[in-house]
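Working notes for the structure below.
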Amino acid sequence: MAELSPVPPIAAPLPDVQTERLDLRRFRPDDLGDLTAVFAQPEVWRFPYGRGFTPRETAEFLDRQIAGWAIAGFGCWVARTRHDDRVIGYVGLSVPTFLPEILPAVEVGWRLAPSAWGRGYATEGARAALDEGFGTLGLERICSLPQATNLASVAVAERLGLTRRREVVIPPTDRRGAVVALHYDIERAAWPAASAA
């Protein structure tokens, strides 16, 4: 029997998007310098690693993002603030391969520099990702998996209207221990932009 792909089929590739305050586009190799500066900050990767990324880890992350787009037709966007063209992190859609029990699935997620916290950027970017996920990609369901102790990300998931389903344990890796996360999701019919379209 053929193994089920962890990547759901999509209707069309994910485009670059602009919101009121953000420029959201797919990753490019020349993003490495800006991302290295953002990812080195311990607060950015506090959940789940408790530390900042090394330059090598950031380069590996960037390579994975670029490769993932080529395979899936979607991924996370690098997020820049439009008023000053500053990289503040990323937001977008990805396949949560770290939690095999829910695959095939697509997760909406975000990770921003501390200087961008508390300004609604995560909600704004994630809302654009959900719009595109349900509209352009034609997905039926999108999840979010914030770490249970990451109260700010839990608040974003709830602000977006996602429904909490259950607590899940994300298995450990060679870089971190097991993580307790909250499984949120939303169906296409329940997403306001999808319903309006």
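By order in the structure tokens, chains are A, B, ...; within a chain, residues start at 1; ligands start at 1, following the order shown.
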
Write out as a PyMOL selection string which residues come within 8 Å of segment 35-49 of chain A when counting only C-alpha atoms, dropping same-chain ones fewer than 5 positions away.
chain A and resi 54-55+58-59+87-89+111-114+147+150+175-176+179

Per-residue nearest contacts of segment 35-80 of chain A to segment 125-140 of chain A (10 Å; only C-alpha atoms) as a Markdown table:
| residue | atom | partner | partner_atom | distance |
| --- | --- | --- | --- | --- |
| A:Gly73 | CA | A:Leu137 | CA | 9.0 |
| A:Phe74 | CA | A:Leu137 | CA | 8.4 |
| A:Gly75 | CA | A:Ala129 | CA | 9.6 |
| A:Cys76 | CA | A:Ala129 | CA | 8.7 |
| A:Trp77 | CA | A:Ala129 | CA | 9.0 |
| A:Ala79 | CA | A:Gly125 | CA | 8.0 |

Taking C-alpha atoms for each residue, export the selection above as a PDB file, in the first residue's frame.
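See part_27.pdb below for the written result:
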ATOM      1  CA  GLY A  73       3.772  24.828  -3.366  1.00  0.00           C
ATOM      2  CA  PHE A  74       3.410  26.770  -0.108  1.00  0.00           C
ATOM      3  CA  GLY A  75       5.259  27.544   3.088  1.00  0.00           C
ATOM      4  CA  CYS A  76       5.986  30.317   5.519  1.00  0.00           C
ATOM      5  CA  TRP A  77       6.630  33.849   4.326  1.00  0.00           C
ATOM      6  CA  ALA A  79       7.654  39.022   7.173  1.00  0.00           C
TER       7      ALA A  79
END

Leaving out His83 of chain A and any residue of its chain fewer than 3 positions from it, which residues lie within 12 Å of it when counting only C-alpha atoms, given as an MDAnalysis selection string?
chainID A and resid 18:23 80 86:87

Return the single residue from A:Val7, A:Ile142, A:Val17, A:Ala152 that is closest to Arg119 of chain A, with distances computed using only C-alpha atoms.
A:Ala152

Taking the backbone alone, and naming residues the way the document does, which bits of segment 85-139 of chain A are alpha helix (DSSP H) by DSSP, as a list in words?
Tyr121, Ala122, Thr123, Glu124, Gly125, Ala126, Arg127, Ala128, Ala129, Leu130, Asp131, Glu132, Gly133 and Phe134 of chain A

Store the residues of this selection in a file with C-alpha atoms, as a PDB file, in the first residue's frame.
ATOM      1  CA  TYR A 121       1.576  41.627  13.449  1.00  0.00           C
ATOM      2  CA  ALA A 122       1.203  37.902  14.180  1.00  0.00           C
ATOM      3  CA  THR A 123      -2.584  38.121  13.957  1.00  0.00           C
ATOM      4  CA  GLU A 124      -2.433  40.238  10.790  1.00  0.00           C
ATOM      5  CA  GLY A 125      -0.003  37.891   9.044  1.00  0.00           C
ATOM      6  CA  ALA A 126      -1.763  34.725  10.186  1.00  0.00           C
ATOM      7  CA  ARG A 127      -5.099  36.107   8.994  1.00  0.00           C
ATOM      8  CA  ALA A 128      -3.563  36.611   5.529  1.00  0.00           C
ATOM      9  CA  ALA A 129      -2.223  33.044   5.629  1.00  0.00           C
ATOM     10  CA  LEU A 130      -5.656  31.669   6.516  1.00  0.00           C
ATOM     11  CA  ASP A 131      -7.267  33.743   3.745  1.00  0.00           C
ATOM     12  CA  GLU A 132      -4.840  32.279   1.199  1.00  0.00           C
ATOM     13  CA  GLY A 133      -4.951  28.789   2.673  1.00  0.00           C
ATOM     14  CA  PHE A 134      -8.712  28.541   2.329  1.00  0.00           C
TER      15      PHE A 134
END

Neighbour list for Leu151 of chain A as a PyMOL selection string, cut-off 12 Å, only C-alpha atoms, skip fewer than 5 positions in-chain
chain A and resi 47+145-146+156-158+181-182

Keeping only N, CA and C atoms, write the selected residues to a file as a CSV table (one decimal), in the first residue's frame.
chain,number,residue,atom,x,y,z
A,47,PHE,N,10.3,29.3,22.8
A,47,PHE,CA,9.5,28.1,22.6
A,47,PHE,C,9.8,27.5,21.2
A,145,LEU,N,-0.6,24.9,16.4
A,145,LEU,CA,-0.1,24.1,17.5
A,145,LEU,C,0.8,24.9,18.4
A,146,PRO,N,0.3,25.9,19.1
A,146,PRO,CA,1.1,26.7,20.0
A,146,PRO,C,1.5,25.8,21.2
A,156,VAL,N,-3.2,34.4,20.2
A,156,VAL,CA,-3.3,34.7,18.7
A,156,VAL,C,-4.2,33.7,18.1
A,157,ALA,N,-4.0,32.4,18.4
A,157,ALA,CA,-4.9,31.3,17.9
A,157,ALA,C,-6.3,31.6,18.2
A,158,GLU,N,-6.6,32.0,19.4
A,158,GLU,CA,-8.0,32.2,19.9
A,158,GLU,C,-8.5,33.5,19.2
A,181,ALA,N,1.7,20.8,23.5
A,181,ALA,CA,1.1,21.9,22.7
A,181,ALA,C,-0.4,21.7,22.7
A,182,LEU,N,-1.0,22.8,22.3
A,182,LEU,CA,-2.5,22.8,22.2
A,182,LEU,C,-2.9,22.7,20.7

For His183 of chain A, find every residue with an atom within 9 Å (counting only C-alpha atoms), except residues of its own chain fewer than 3 positions away, and show them as a short mmCIF file (atom, residue, chain, number, x, y, z; two decimals) with N, CA and C atoms, in the first residue's frame.
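The resulting file, out.cif, is shown below:
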data_model
loop_
_atom_site.label_atom_id
_atom_site.label_comp_id
_atom_site.auth_asym_id
_atom_site.auth_seq_id
_atom_site.Cartn_x
_atom_site.Cartn_y
_atom_site.Cartn_z
N CYS A 143 -4.73 24.00 10.97
CA CYS A 143 -4.54 23.88 12.42
C CYS A 143 -3.50 24.89 12.89
N SER A 144 -3.37 24.98 14.19
CA SER A 144 -2.29 25.72 14.83
C SER A 144 -1.90 24.94 16.08
N LEU A 145 -0.61 24.91 16.39
CA LEU A 145 -0.12 24.07 17.47
C LEU A 145 0.80 24.86 18.42
N PRO A 146 0.28 25.89 19.07
CA PRO A 146 1.14 26.66 19.99
C PRO A 146 1.51 25.82 21.21
N THR A 163 -10.53 26.86 17.02
CA THR A 163 -11.13 26.13 18.12
C THR A 163 -10.10 25.19 18.75
N ARG A 164 -10.00 25.24 20.08
CA ARG A 164 -9.09 24.33 20.78
C ARG A 164 -9.71 22.94 20.82
N ARG A 165 -8.94 21.95 20.34
CA ARG A 165 -9.43 20.58 20.29
C ARG A 165 -8.90 19.72 21.43
N ARG A 166 -7.60 19.80 21.67
CA ARG A 166 -7.02 18.91 22.68
C ARG A 166 -5.59 19.30 22.96
N GLU A 167 -5.04 18.71 23.99
CA GLU A 167 -3.62 18.85 24.29
C GLU A 167 -2.88 17.71 23.62
N VAL A 168 -1.72 18.00 23.04
CA VAL A 168 -0.93 16.97 22.37
C VAL A 168 0.51 17.04 22.86
#

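Closest to Arg141 of chain A among A:Val154, A:Ile10, A:Ile71, A:Leu99 is A:Ile10, based on only C-alpha atoms.
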